[in-house]
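Coordinates as given in protein_15.txt (compact mmCIF, C-alpha atoms and all ligand atoms):
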```txt
# COMPACT_ATOMS: atom_id res chain seq x y z
CA MET A 169 0.00 0.00 0.00
CA THR A 170 1.56 3.25 -1.06
CA ASN A 171 -1.00 5.57 0.46
CA ARG A 172 -2.33 5.04 3.95
CA ARG A 173 -4.51 8.11 4.29
CA PRO A 174 -8.17 7.10 4.84
CA THR A 175 -10.77 7.17 2.11
CA ARG A 176 -13.30 10.01 2.02
CA ILE A 177 -15.83 7.71 0.32
CA HIS A 178 -18.69 6.49 2.52
CA CYS A 179 -19.99 2.99 1.80
CA GLU A 180 -23.73 2.78 2.55
CA ILE A 181 -23.68 -0.99 3.04
CA ASP A 182 -21.87 -3.06 5.66
CA LEU A 183 -19.61 -5.48 3.79
CA ALA A 184 -19.20 -7.63 6.93
CA ARG A 185 -22.92 -8.42 7.22
CA ASP A 186 -24.56 -11.55 5.86
CA GLY A 187 -27.25 -11.36 3.18
CA LYS A 188 -27.67 -9.40 -0.04
CA GLN A 189 -27.10 -5.71 0.48
CA VAL A 190 -27.43 -3.08 -2.20
CA GLY A 191 -26.52 0.60 -2.07
CA TYR A 192 -24.02 3.20 -3.10
CA LEU A 193 -20.53 4.41 -2.45
CA ARG A 194 -21.02 8.09 -1.68
CA VAL A 195 -18.17 9.94 -3.37
CA PRO A 196 -18.03 13.52 -2.08
CA HIS A 197 -18.69 15.87 -4.99
CA SER A 198 -19.26 19.45 -3.92
CA VAL A 199 -20.07 21.45 -7.04
CA HIS A 200 -22.03 24.51 -8.15
CA ARG A 201 -25.35 22.73 -8.60
CA SER A 202 -25.04 20.59 -5.44
CA ALA A 203 -23.07 22.12 -2.58
CA TYR A 204 -22.89 19.09 -0.27
CA GLY A 205 -23.60 16.48 -2.94
CA TRP A 206 -22.15 13.03 -3.54
CA LEU A 207 -21.95 10.71 -6.52
CA PRO A 208 -23.81 7.39 -6.16
CA VAL A 209 -21.51 4.57 -7.28
CA PRO A 210 -23.53 1.32 -7.12
CA ILE A 211 -22.13 -1.47 -4.93
CA VAL A 212 -23.61 -4.82 -3.92
CA SER A 213 -22.46 -7.33 -1.32
CA ILE A 214 -23.77 -10.89 -1.22
CA ARG A 215 -22.44 -12.77 1.80
CA ASN A 216 -23.11 -16.08 3.47
CA GLY A 217 -20.74 -16.60 6.39
CA ASP A 218 -16.98 -16.82 6.33
CA GLY A 219 -15.32 -18.13 3.20
CA PRO A 220 -13.57 -16.97 0.03
CA ARG A 221 -14.15 -13.35 -0.96
CA ALA A 222 -14.45 -12.15 -4.54
CA LEU A 223 -14.43 -8.61 -5.95
CA LEU A 224 -16.10 -8.27 -9.36
CA LEU A 225 -15.62 -5.05 -11.34
CA ALA A 226 -17.02 -3.73 -14.62
CA GLY A 227 -17.32 -0.23 -16.03
CA ASN A 228 -13.70 0.51 -15.11
CA HIS A 229 -13.83 1.97 -18.61
CA GLY A 230 -17.31 3.42 -18.98
CA ASP A 231 -17.81 2.51 -22.66
CA GLU A 232 -17.21 -1.22 -22.09
CA TYR A 233 -20.70 -2.60 -21.68
CA GLU A 234 -20.58 -6.43 -21.68
CA GLY A 235 -19.31 -6.64 -18.09
CA GLN A 236 -21.75 -4.00 -16.84
CA VAL A 237 -24.70 -5.99 -18.21
CA ALA A 238 -23.32 -9.35 -17.03
CA LEU A 239 -22.74 -8.11 -13.47
CA ALA A 240 -26.15 -6.40 -13.27
CA LYS A 241 -27.73 -9.73 -14.23
CA LEU A 242 -25.58 -11.56 -11.65
CA VAL A 243 -26.57 -9.12 -8.88
CA ARG A 244 -30.27 -9.83 -9.50
CA ALA A 245 -29.86 -13.60 -9.84
CA LEU A 246 -27.40 -14.45 -7.06
CA GLU A 247 -28.86 -15.11 -3.61
CA PRO A 248 -26.85 -15.60 -0.41
CA GLY A 249 -28.13 -19.17 0.00
CA ALA A 250 -26.37 -20.17 -3.23
CA ILE A 251 -22.92 -19.11 -2.02
CA ARG A 252 -20.35 -19.49 0.70
CA GLY A 253 -18.20 -16.47 1.59
CA ARG A 254 -18.78 -13.14 -0.15
CA VAL A 255 -19.11 -11.49 -3.54
CA VAL A 256 -18.73 -7.70 -3.81
CA VAL A 257 -19.87 -6.26 -7.14
CA MET A 258 -19.16 -2.83 -8.63
CA PRO A 259 -20.78 -2.91 -12.09
CA MET A 260 -19.92 0.75 -12.84
CA ALA A 261 -16.52 1.12 -11.21
CA ASN A 262 -15.84 4.48 -12.87
CA PHE A 263 -19.44 5.61 -12.41
CA PRO A 264 -19.25 9.05 -14.09
CA ALA A 265 -17.57 7.50 -17.16
CA ALA A 266 -20.08 4.64 -17.26
CA MET A 267 -23.08 6.99 -17.01
CA ALA A 268 -21.66 9.02 -19.90
CA GLY A 269 -20.78 5.94 -21.98
CA LEU A 270 -17.18 7.17 -22.16
CA ARG A 271 -13.84 5.46 -21.55
CA THR A 272 -12.77 8.24 -19.19
CA SER A 273 -14.63 10.33 -16.66
CA PRO A 274 -16.24 13.53 -17.99
CA LEU A 275 -15.66 15.08 -14.53
CA ASP A 276 -11.86 14.91 -14.46
CA GLU A 277 -10.80 13.10 -17.69
CA GLY A 278 -9.72 10.28 -15.35
CA ASN A 279 -8.92 6.88 -16.84
CA LEU A 280 -9.52 4.65 -13.79
CA ASN A 281 -7.30 1.91 -15.23
CA ARG A 282 -4.35 4.35 -15.34
CA THR A 283 -5.01 5.76 -11.86
CA PHE A 284 -4.20 3.00 -9.32
CA PRO A 285 -3.17 3.22 -6.48
CA GLY A 286 -5.20 6.43 -6.54
CA ASP A 287 -5.40 9.22 -3.99
CA PRO A 288 -8.02 9.67 -1.24
CA ASP A 289 -7.69 13.46 -1.59
CA GLY A 290 -7.49 13.51 -5.39
CA SER A 291 -10.01 13.75 -8.21
CA VAL A 292 -13.16 11.59 -8.26
CA THR A 293 -11.36 8.96 -10.36
CA ALA A 294 -8.36 8.97 -8.01
CA MET A 295 -10.65 8.60 -4.98
CA LEU A 296 -12.35 5.58 -6.59
CA ALA A 297 -9.02 3.94 -7.45
CA HIS A 298 -7.84 4.47 -3.88
CA PHE A 299 -11.05 2.98 -2.46
CA ILE A 300 -10.70 -0.13 -4.63
CA GLU A 301 -6.99 -0.60 -3.84
CA ASP A 302 -6.93 0.40 -0.17
CA VAL A 303 -10.37 -0.66 1.06
CA LEU A 304 -11.75 -3.42 -1.18
CA LEU A 305 -8.67 -5.35 -2.36
CA PRO A 306 -7.21 -5.94 1.15
CA GLN A 307 -10.47 -7.71 2.05
CA SER A 308 -10.61 -9.79 -1.16
CA ASP A 309 -9.07 -13.13 -2.14
CA PHE A 310 -10.02 -12.92 -5.85
CA MET A 311 -10.69 -10.10 -8.32
CA ILE A 312 -12.13 -10.21 -11.83
CA ASP A 313 -12.24 -6.92 -13.76
CA LEU A 314 -14.39 -7.23 -16.89
CA HIS A 315 -13.18 -5.08 -19.81
CA SER A 316 -13.77 -5.04 -23.56
CA GLY A 317 -12.45 -3.01 -26.47
CA GLY A 318 -14.81 -0.11 -25.73
CA SER A 319 -15.70 2.37 -28.45
CA SER A 320 -12.48 2.30 -30.46
CA LEU A 321 -11.40 -1.36 -30.35
CA HIS A 322 -12.81 -4.86 -30.74
CA TYR A 323 -11.25 -7.88 -29.00
CA LEU A 324 -11.89 -11.53 -29.64
CA PRO A 325 -13.30 -12.82 -26.34
CA THR A 326 -10.24 -13.08 -24.11
CA GLY A 327 -9.16 -13.46 -20.50
CA MET A 328 -5.82 -12.15 -19.26
CA ILE A 329 -3.44 -12.68 -16.37
CA ARG A 330 -0.07 -11.06 -15.75
CA VAL A 331 3.18 -12.87 -15.06
CA THR A 332 4.35 -12.15 -11.52
CA ALA A 333 7.47 -13.05 -9.53
CA ASP A 334 5.26 -14.73 -6.89
CA LYS A 335 5.05 -18.20 -8.44
CA ALA A 336 2.31 -19.46 -6.09
CA LEU A 337 0.13 -16.43 -6.83
CA ALA A 338 0.82 -16.76 -10.57
CA ALA A 339 -0.31 -20.39 -10.51
CA ARG A 340 -3.55 -19.45 -8.74
CA CYS A 341 -4.22 -16.67 -11.30
CA ARG A 342 -3.70 -19.18 -14.10
CA ALA A 343 -6.07 -21.66 -12.46
CA LEU A 344 -8.70 -18.91 -12.13
CA LEU A 345 -8.39 -18.00 -15.81
CA GLU A 346 -8.62 -21.68 -16.80
CA ALA A 347 -11.80 -21.96 -14.73
CA PHE A 348 -13.29 -18.84 -16.40
CA ALA A 349 -12.44 -20.60 -19.69
CA PRO A 350 -12.63 -17.80 -22.29
CA PRO A 351 -11.91 -18.74 -25.93
CA HIS A 352 -8.53 -16.93 -25.73
CA ALA A 353 -6.30 -16.89 -22.63
CA ILE A 354 -3.38 -14.48 -22.48
CA THR A 355 -0.37 -14.16 -20.23
CA ILE A 356 0.91 -10.58 -20.12
CA SER A 357 4.66 -10.32 -19.57
CA MET A 358 5.99 -9.09 -16.24
CA GLY A 359 6.41 -5.40 -15.50
CA GLY A 360 4.85 -2.75 -17.67
CA GLU A 361 1.96 -0.52 -16.69
CA ASP A 362 1.58 -0.41 -12.89
CA ARG A 363 -1.50 1.85 -12.73
CA THR A 364 -4.00 -0.84 -13.82
CA SER A 365 -6.43 -2.93 -11.80
CA ILE A 366 -4.46 -6.08 -12.59
CA ALA A 367 -1.32 -4.46 -11.14
CA ALA A 368 -3.30 -3.30 -8.09
CA GLY A 369 -4.71 -6.79 -7.54
CA LEU A 370 -1.28 -8.42 -7.70
CA ARG A 371 0.20 -5.74 -5.37
CA ALA A 372 -2.44 -6.76 -2.83
CA GLY A 373 -1.64 -10.47 -3.27
CA VAL A 374 -5.14 -11.03 -4.71
CA VAL A 375 -5.72 -13.75 -7.31
CA THR A 376 -6.50 -11.50 -10.27
CA MET A 377 -7.68 -11.78 -13.86
CA VAL A 378 -9.18 -9.36 -16.35
CA THR A 379 -11.12 -9.89 -19.54
CA GLU A 380 -11.34 -8.25 -22.93
CA LEU A 381 -14.73 -9.37 -24.24
CA GLY A 382 -15.69 -7.75 -27.53
CA GLY A 383 -16.16 -4.00 -27.71
CA SER A 384 -17.15 -1.83 -30.68
CA GLY A 385 -19.18 0.29 -28.26
CA THR A 386 -21.95 -2.29 -28.02
CA VAL A 387 -22.95 -5.61 -26.43
CA SER A 388 -22.80 -8.81 -28.48
CA PRO A 389 -24.78 -11.88 -27.35
CA ASP A 390 -21.70 -14.09 -27.79
CA CYS A 391 -19.39 -11.96 -25.64
CA LEU A 392 -22.10 -11.45 -23.02
CA ARG A 393 -22.49 -15.23 -22.74
CA HIS A 394 -18.73 -15.63 -22.24
CA ALA A 395 -18.87 -12.99 -19.47
CA GLU A 396 -21.86 -14.51 -17.66
CA HIS A 397 -20.78 -18.15 -17.89
CA GLY A 398 -17.14 -17.33 -17.20
CA VAL A 399 -17.95 -15.42 -13.99
CA ARG A 400 -20.14 -18.29 -12.75
CA ARG A 401 -17.46 -20.89 -13.54
CA ALA A 402 -14.88 -18.70 -11.78
CA LEU A 403 -17.10 -18.26 -8.69
CA ARG A 404 -17.48 -22.07 -8.51
CA HIS A 405 -13.70 -22.49 -8.84
CA MET A 406 -13.21 -20.03 -5.94
CA GLY A 407 -15.47 -22.19 -3.77
CA ILE A 408 -18.03 -19.36 -3.51
CA LEU A 409 -20.85 -20.47 -5.81
CA GLN A 410 -22.18 -23.83 -4.67
CA GLY A 411 -23.70 -26.52 -6.85
CA GLY A 412 -23.10 -27.46 -10.47
CA PRO A 413 -23.70 -25.56 -13.70
CA GLY A 414 -27.23 -24.71 -14.77
CA ALA A 415 -28.92 -26.44 -17.69
CA ASP A 416 -28.32 -23.37 -19.91
CA GLU A 417 -24.57 -23.39 -19.26
CA PRO A 418 -22.45 -24.98 -22.00
CA PRO A 419 -19.36 -27.01 -21.08
CA PRO A 420 -16.26 -24.79 -20.80
CA LEU A 421 -13.92 -24.41 -23.77
CA ALA A 422 -10.26 -25.25 -23.70
CA PRO A 423 -8.77 -21.75 -24.15
CA ARG A 424 -6.24 -20.97 -26.87
CA TRP A 425 -3.22 -19.84 -24.82
CA LEU A 426 -1.26 -16.87 -26.16
CA SER A 427 1.09 -14.25 -24.74
CA ILE A 428 1.44 -10.48 -24.99
CA GLY A 429 4.48 -8.45 -24.12
CA GLY A 430 6.24 -5.19 -24.81
CA ASP A 431 5.59 -2.32 -27.17
CA ARG A 432 5.68 -4.45 -30.31
CA ALA A 433 2.25 -5.88 -29.43
CA TYR A 434 0.69 -2.54 -30.44
CA LEU A 435 0.59 -1.49 -34.09
CA TYR A 436 -0.06 2.25 -34.51
CA ALA A 437 -1.17 4.53 -37.32
CA PRO A 438 1.88 6.36 -38.72
CA GLU A 439 -0.28 8.97 -40.49
CA PRO A 440 -3.79 10.43 -40.14
CA GLY A 441 -6.40 9.32 -42.65
CA LEU A 442 -8.78 6.46 -43.45
CA PHE A 443 -7.60 3.01 -42.45
CA GLU A 444 -7.97 0.10 -44.87
CA PRO A 445 -7.26 -3.09 -42.86
CA ARG A 446 -5.94 -6.06 -44.86
CA VAL A 447 -6.31 -8.73 -42.16
CA ASP A 448 -9.08 -9.68 -39.78
CA LEU A 449 -9.41 -10.83 -36.19
CA GLY A 450 -8.20 -14.36 -35.48
CA GLU A 451 -5.60 -14.48 -38.27
CA TRP A 452 -1.97 -15.55 -37.78
CA VAL A 453 0.19 -13.09 -39.72
CA LYS A 454 3.87 -13.01 -40.71
CA SER A 455 6.59 -10.44 -40.12
CA GLY A 456 6.62 -8.05 -43.09
CA GLN A 457 3.04 -8.89 -44.10
CA SER A 458 0.79 -5.93 -44.94
CA ALA A 459 -1.52 -4.93 -42.09
CA GLY A 460 -3.22 -2.27 -44.17
CA ALA A 461 -2.94 1.19 -45.63
CA ILE A 462 -3.92 4.68 -44.54
CA HIS A 463 -5.51 6.72 -47.29
CA ASP A 464 -5.88 10.47 -47.60
CA PRO A 465 -9.02 10.95 -49.72
CA ALA A 466 -8.52 14.72 -49.48
CA THR A 467 -5.39 14.18 -51.60
CA PRO A 468 -6.54 11.08 -53.49
CA TRP A 469 -3.61 11.13 -55.97
CA ARG A 470 -1.12 10.59 -53.11
CA ALA A 471 -0.10 6.97 -52.37
CA PRO A 472 -1.42 5.66 -49.04
CA ALA A 473 0.87 5.06 -46.05
CA GLU A 474 1.54 1.33 -45.76
CA VAL A 475 1.48 -0.44 -42.40
CA THR A 476 3.22 -3.81 -41.97
CA PHE A 477 3.47 -6.36 -39.17
CA ARG A 478 6.91 -6.45 -37.55
CA TYR A 479 6.80 -10.02 -36.21
CA ASP A 480 4.84 -13.26 -36.58
CA CYS A 481 1.75 -12.75 -34.47
CA TYR A 482 -1.97 -13.36 -33.92
CA VAL A 483 -4.56 -10.61 -34.54
CA LEU A 484 -6.41 -10.43 -31.21
CA CYS A 485 -7.86 -6.91 -31.39
CA LYS A 486 -8.51 -4.32 -34.09
CA ARG A 487 -9.48 -0.68 -34.26
CA VAL A 488 -13.16 -0.04 -35.06
CA PRO A 489 -13.56 3.53 -36.43
CA GLY A 490 -12.20 3.94 -39.95
CA ARG A 491 -10.87 7.46 -39.40
CA VAL A 492 -7.48 7.47 -37.65
CA GLU A 493 -5.05 10.00 -36.26
CA ARG A 494 -1.30 9.46 -36.09
CA GLY A 495 -0.70 7.44 -32.89
CA ASP A 496 -4.04 5.59 -32.84
CA CYS A 497 -3.77 1.88 -32.10
CA LEU A 498 -4.77 -0.20 -35.16
CA PHE A 499 -4.12 -3.70 -33.83
CA HIS A 500 -3.27 -5.37 -30.50
CA LEU A 501 -1.26 -8.49 -31.28
CA ALA A 502 -0.54 -11.70 -29.43
CA SER A 503 2.15 -14.36 -29.84
CA ALA A 504 2.39 -18.09 -29.31
CA PRO A 505 2.67 -18.76 -25.56
ZN ZN A 601 -11.03 -1.40 -20.53
```
Conversion result in structure tokens:
Amino acid sequence: MTNRRPTRIHCEIDLARDGKQVGYLRVPHSVHRSAYGWLPVPIVSIRNGDGPRALLLAGNHGDEYEGQVALAKLVRALEPGAIRGRVVVMPMANFPAAMAGLRTSPLDEGNLNRTFPGDPDGSVTAMLAHFIEDVLLPQSDFMIDLHSGGSSLHYLPTGMIRVTADKALAARCRALLEAFAPPHAITISMGGEDRTSIAAGLRAGVVTMVTELGGSGTVSPDCLRHAEHGVRRALRHMGILQGGPGADEPPPLAPRWLSIGGDRAYLYAPEPGLFEPRVDLGEWVKSGQSAGAIHDPATPWRAPAEVTFRYDCYVLCKRVPGRVERGDCLFHLASAP
């Protein structure tokens, strides 16, 4: 824990009590139209005695909808009698961003997944990050943070864990991801960005995984199914959800294991213009192969800028909008494990 000052967020529900409790985190937000106001960030606790404790997040990025829908459905369906231990659910973790349908918060431009460990005296986004890292994670054994590609990207349905020096923790993260059983399972190389939820979870010694389930600024039935069934399988693996799978639950897939590491996994637009992709999701591509071209229809006689893959890789994620600026991510690429 890097910051031991107390949170200023008031949690309406008592996380130590048994039963299903629903309410809000009250994030102080004193502004012109509401002098002593607070922002209502929804939180639910479902508890049945002592046992394993899970933290489920969605809406960390507000324009990633599959997880928000899946967790709202879970909150309504899950009753304390069906579990042992506790599930805490925040379906709109960055509430202002989620209400606006934006990746980042319209209040402070905060990207929650670049804000951990947060700051109890900082912006709204920083206060939320601090609450998750300093209040919720220390009382959790497992965390699943449900992401997707949001408005600008589309991912094949994927679960991700990060390599960590703690071998025992790494093995438990891998077992959790195998239980979730998404079609694609990714190990992210050690190090890298330390302001994400996955980094926060591992700092706290919590068994952590994240997902990237679809995107394109919408909800697809296929990705929603992977989210709902994956979370239930994971809760059973944790020892929280009791009983076997429901009749509507298909048998889990054997995930395709891949890895992601370093800057080369991101292919960026070298010029502004209109992007013509020449590959699609789920293709294995070769070093030197054309990824696409960026056209400038305002100067149609000029040759387009060519974009090529720099190593043999798997196309896991692609940009959605056709219009690109220099520096926009066109593809997120994976490698053999
Ligand atoms: Zn995200």
Give me, as CSV, the closest atom pair and its distance (Å, one decimal) for every residue of stretch 315-352 of chain A within a cut-off of 6 Å of stretch 483-491 of chain A, counting only C-alpha atoms, rows sorted by chain and rising number.
```
residue,atom,partner,partner_atom,distance
A:Ser320,CA,A:Val488,CA,5.2
A:Leu321,CA,A:Arg487,CA,4.4
A:His322,CA,A:Cys485,CA,5.4
A:Tyr323,CA,A:Cys485,CA,4.3
A:Leu324,CA,A:Leu484,CA,5.8
```
Kindly compile the residues surrounding ligand ZN 601 (chain A) within 7 Å, counting only C-alpha atoms and all ligand atoms, and format them as a list of chain:residue names.
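Selection of residues at most 7 Å from ligand ZN 601 (chain A): A:Asn228, A:His229, A:Glu232, A:His315, A:Ser316, A:Gly317, A:Gly318.
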Give me the residues within 8 Å of A:Glu180 as a ChimeraX atom specification, counting only C-alpha atoms and dropping any in the same chain fewer than 3 places off.
/A:191-194
Which residues come within 7 Å of stretch 236-247 of chain A, counting only C-alpha atoms, excluding same-chain residues fewer than 6 positions away, as number ranges by chain?
A: 188, 226-227, 259-260, 392, 395-396
Given only C-alpha atoms as the basis, pick out the residue of A:Val212, A:Val475, A:Ala349, A:Ile300 nearest to A:Gly369.
A:Ile300
In terms of the shortest atom-to-atom distance over all atoms listed in the file, which of A:Ala415, A:Ala504, A:Ala222, A:Cys497 is closest to A:Leu304?
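Closest candidate: A:Ala222.
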Residues near stretch 447-457 of chain A, cut-off 6 Å, all atoms listed in the file, skip fewer than 6 positions along chain, as an NGL selection string:
:A and (476-484)
Report, in Å to a single decimal, how far apart atom CA of A:Ala502 and atom CA of A:Gly429 are.
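Separation of atom CA of A:Gly429 and atom CA of A:Ala502: 8.0 Å.
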Calculated over all atoms listed in the file, which of the candidates A:Asp231, A:Gly187, A:Gly414, A:Pro288 has the smallest distance to A:Ala268?
A:Asp231
Would you please work out which residue, of A:Tyr434, A:Gly235, A:Asn281, A:Val195, is nearest to A:Arg393 when using all atoms listed in the file?
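So, comparing all the options, the nearest one is A:Gly235.
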Please return as number ranges by chain every residue within 10 Å of (-2.4, -8.0, -2.0), taking into account only C-alpha atoms and the file's own coordinates.
A: 169, 301-302, 305-310, 367-376
Any chance you could export the current selection's C-alpha atoms as a short mmCIF file (atom, residue, chain, number, x, y, z; two decimals), in the frame of the given file?
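Okay, result_34.cif is ready:
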```
data_model
loop_
_atom_site.label_atom_id
_atom_site.label_comp_id
_atom_site.auth_asym_id
_atom_site.auth_seq_id
_atom_site.Cartn_x
_atom_site.Cartn_y
_atom_site.Cartn_z
CA MET A 169 0.00 0.00 0.00
CA GLU A 301 -6.99 -0.60 -3.84
CA ASP A 302 -6.93 0.40 -0.17
CA LEU A 305 -8.67 -5.35 -2.36
CA PRO A 306 -7.21 -5.94 1.15
CA GLN A 307 -10.47 -7.71 2.05
CA SER A 308 -10.61 -9.79 -1.16
CA ASP A 309 -9.07 -13.13 -2.14
CA PHE A 310 -10.02 -12.92 -5.85
CA ALA A 367 -1.32 -4.46 -11.14
CA ALA A 368 -3.30 -3.30 -8.09
CA GLY A 369 -4.71 -6.79 -7.54
CA LEU A 370 -1.28 -8.42 -7.70
CA ARG A 371 0.20 -5.74 -5.37
CA ALA A 372 -2.44 -6.76 -2.83
CA GLY A 373 -1.64 -10.47 -3.27
CA VAL A 374 -5.14 -11.03 -4.71
CA VAL A 375 -5.72 -13.75 -7.31
CA THR A 376 -6.50 -11.50 -10.27
#
```
Which of A:Val331, A:Leu314, A:Cys341, A:Leu270 sits closest to A:Ser357 [using all atoms listed in the file]
A:Val331
May I have the residues within 9 Å of A:Val387 as a PDB file with C-alpha atoms, in the coordinates of the input, using all atoms listed in the file and disregarding those fewer than 2 positions away in the same chain?
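Wrote it out as selection-v1.pdb, contents follow:
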```pdb
ATOM      1  CA  GLU A 232     -17.210  -1.220 -22.090  1.00  0.00           C
ATOM      2  CA  TYR A 233     -20.700  -2.600 -21.680  1.00  0.00           C
ATOM      3  CA  GLU A 234     -20.580  -6.430 -21.680  1.00  0.00           C
ATOM      4  CA  VAL A 237     -24.700  -5.990 -18.210  1.00  0.00           C
ATOM      5  CA  GLY A 382     -15.690  -7.750 -27.530  1.00  0.00           C
ATOM      6  CA  GLY A 383     -16.160  -4.000 -27.710  1.00  0.00           C
ATOM      7  CA  SER A 384     -17.150  -1.830 -30.680  1.00  0.00           C
ATOM      8  CA  GLY A 385     -19.180   0.290 -28.260  1.00  0.00           C
ATOM      9  CA  PRO A 389     -24.780 -11.880 -27.350  1.00  0.00           C
ATOM     10  CA  ASP A 390     -21.700 -14.090 -27.790  1.00  0.00           C
ATOM     11  CA  CYS A 391     -19.390 -11.960 -25.640  1.00  0.00           C
ATOM     12  CA  LEU A 392     -22.100 -11.450 -23.020  1.00  0.00           C
TER      13      LEU A 392
END
```
Choose the residue, out of A:Pro220, A:Gly460, A:Pro351, A:Pro419, that has the smallest atom-to-atom separation from A:His394; count all atoms listed in the file.
A:Pro351
Please provide the set of residues having any atom within 8 Å of A:Ile312, restricted to all atoms listed in the file, with same-chain residues fewer than 6 positions apart removed, written as a PDB file with C-alpha atoms, in the coordinates of the input.
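Contents of the output file selection18.pdb:
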```pdb
ATOM      1  CA  ALA A 222     -14.450 -12.150  -4.540  1.00  0.00           C
ATOM      2  CA  LEU A 223     -14.430  -8.610  -5.950  1.00  0.00           C
ATOM      3  CA  LEU A 224     -16.100  -8.270  -9.360  1.00  0.00           C
ATOM      4  CA  LEU A 225     -15.620  -5.050 -11.340  1.00  0.00           C
ATOM      5  CA  THR A 376      -6.500 -11.500 -10.270  1.00  0.00           C
ATOM      6  CA  MET A 377      -7.680 -11.780 -13.860  1.00  0.00           C
ATOM      7  CA  VAL A 378      -9.180  -9.360 -16.350  1.00  0.00           C
ATOM      8  CA  THR A 379     -11.120  -9.890 -19.540  1.00  0.00           C
TER       9      THR A 379
END
```
Go ahead and compute the interatomic distance for atom CA of A:Leu183 and atom CA of A:Asp218, in Å to one decimal.
11.9 Å
Keeping N, CA and C atoms, write stretch 431-446 of chain A of the structure just shown out as a CSV table (one decimal), in the first residue's frame.
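This went into selection34.csv:
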```
chain,number,residue,atom,x,y,z
A,431,ASP,N,6.2,-3.3,-26.3
A,431,ASP,CA,5.6,-2.3,-27.2
A,431,ASP,C,5.2,-2.9,-28.5
A,432,ARG,N,5.9,-4.0,-29.0
A,432,ARG,CA,5.7,-4.5,-30.3
A,432,ARG,C,4.3,-5.0,-30.5
A,433,ALA,N,3.6,-5.3,-29.4
A,433,ALA,CA,2.2,-5.9,-29.4
A,433,ALA,C,1.2,-4.9,-29.9
A,434,TYR,N,1.6,-3.6,-30.0
A,434,TYR,CA,0.7,-2.5,-30.4
A,434,TYR,C,1.2,-2.0,-31.8
A,435,LEU,N,0.3,-2.0,-32.8
A,435,LEU,CA,0.6,-1.5,-34.1
A,435,LEU,C,-0.2,-0.2,-34.3
A,436,TYR,N,0.5,0.9,-34.5
A,436,TYR,CA,-0.1,2.3,-34.5
A,436,TYR,C,-0.1,2.9,-35.9
A,437,ALA,N,-1.1,3.8,-36.1
A,437,ALA,CA,-1.2,4.5,-37.3
A,437,ALA,C,0.0,5.5,-37.4
A,438,PRO,N,0.8,5.4,-38.5
A,438,PRO,CA,1.9,6.4,-38.7
A,438,PRO,C,1.5,7.7,-39.3
A,439,GLU,N,0.2,7.7,-39.9
A,439,GLU,CA,-0.3,9.0,-40.5
A,439,GLU,C,-1.8,9.1,-40.2
A,440,PRO,N,-2.3,10.3,-40.2
A,440,PRO,CA,-3.8,10.4,-40.1
A,440,PRO,C,-4.4,10.0,-41.5
A,441,GLY,N,-5.7,9.6,-41.4
A,441,GLY,CA,-6.4,9.3,-42.6
A,441,GLY,C,-7.5,8.3,-42.4
A,442,LEU,N,-7.8,7.5,-43.5
A,442,LEU,CA,-8.8,6.5,-43.4
A,442,LEU,C,-8.1,5.1,-43.5
A,443,PHE,N,-8.3,4.3,-42.5
A,443,PHE,CA,-7.6,3.0,-42.5
A,443,PHE,C,-8.3,1.9,-43.2
A,444,GLU,N,-7.5,1.3,-44.1
A,444,GLU,CA,-8.0,0.1,-44.9
A,444,GLU,C,-7.3,-1.1,-44.3
A,445,PRO,N,-7.9,-1.9,-43.4
A,445,PRO,CA,-7.3,-3.1,-42.9
A,445,PRO,C,-7.2,-4.2,-43.9
A,446,ARG,N,-6.1,-5.0,-43.9
A,446,ARG,CA,-5.9,-6.1,-44.9
A,446,ARG,C,-5.9,-7.4,-44.2
```
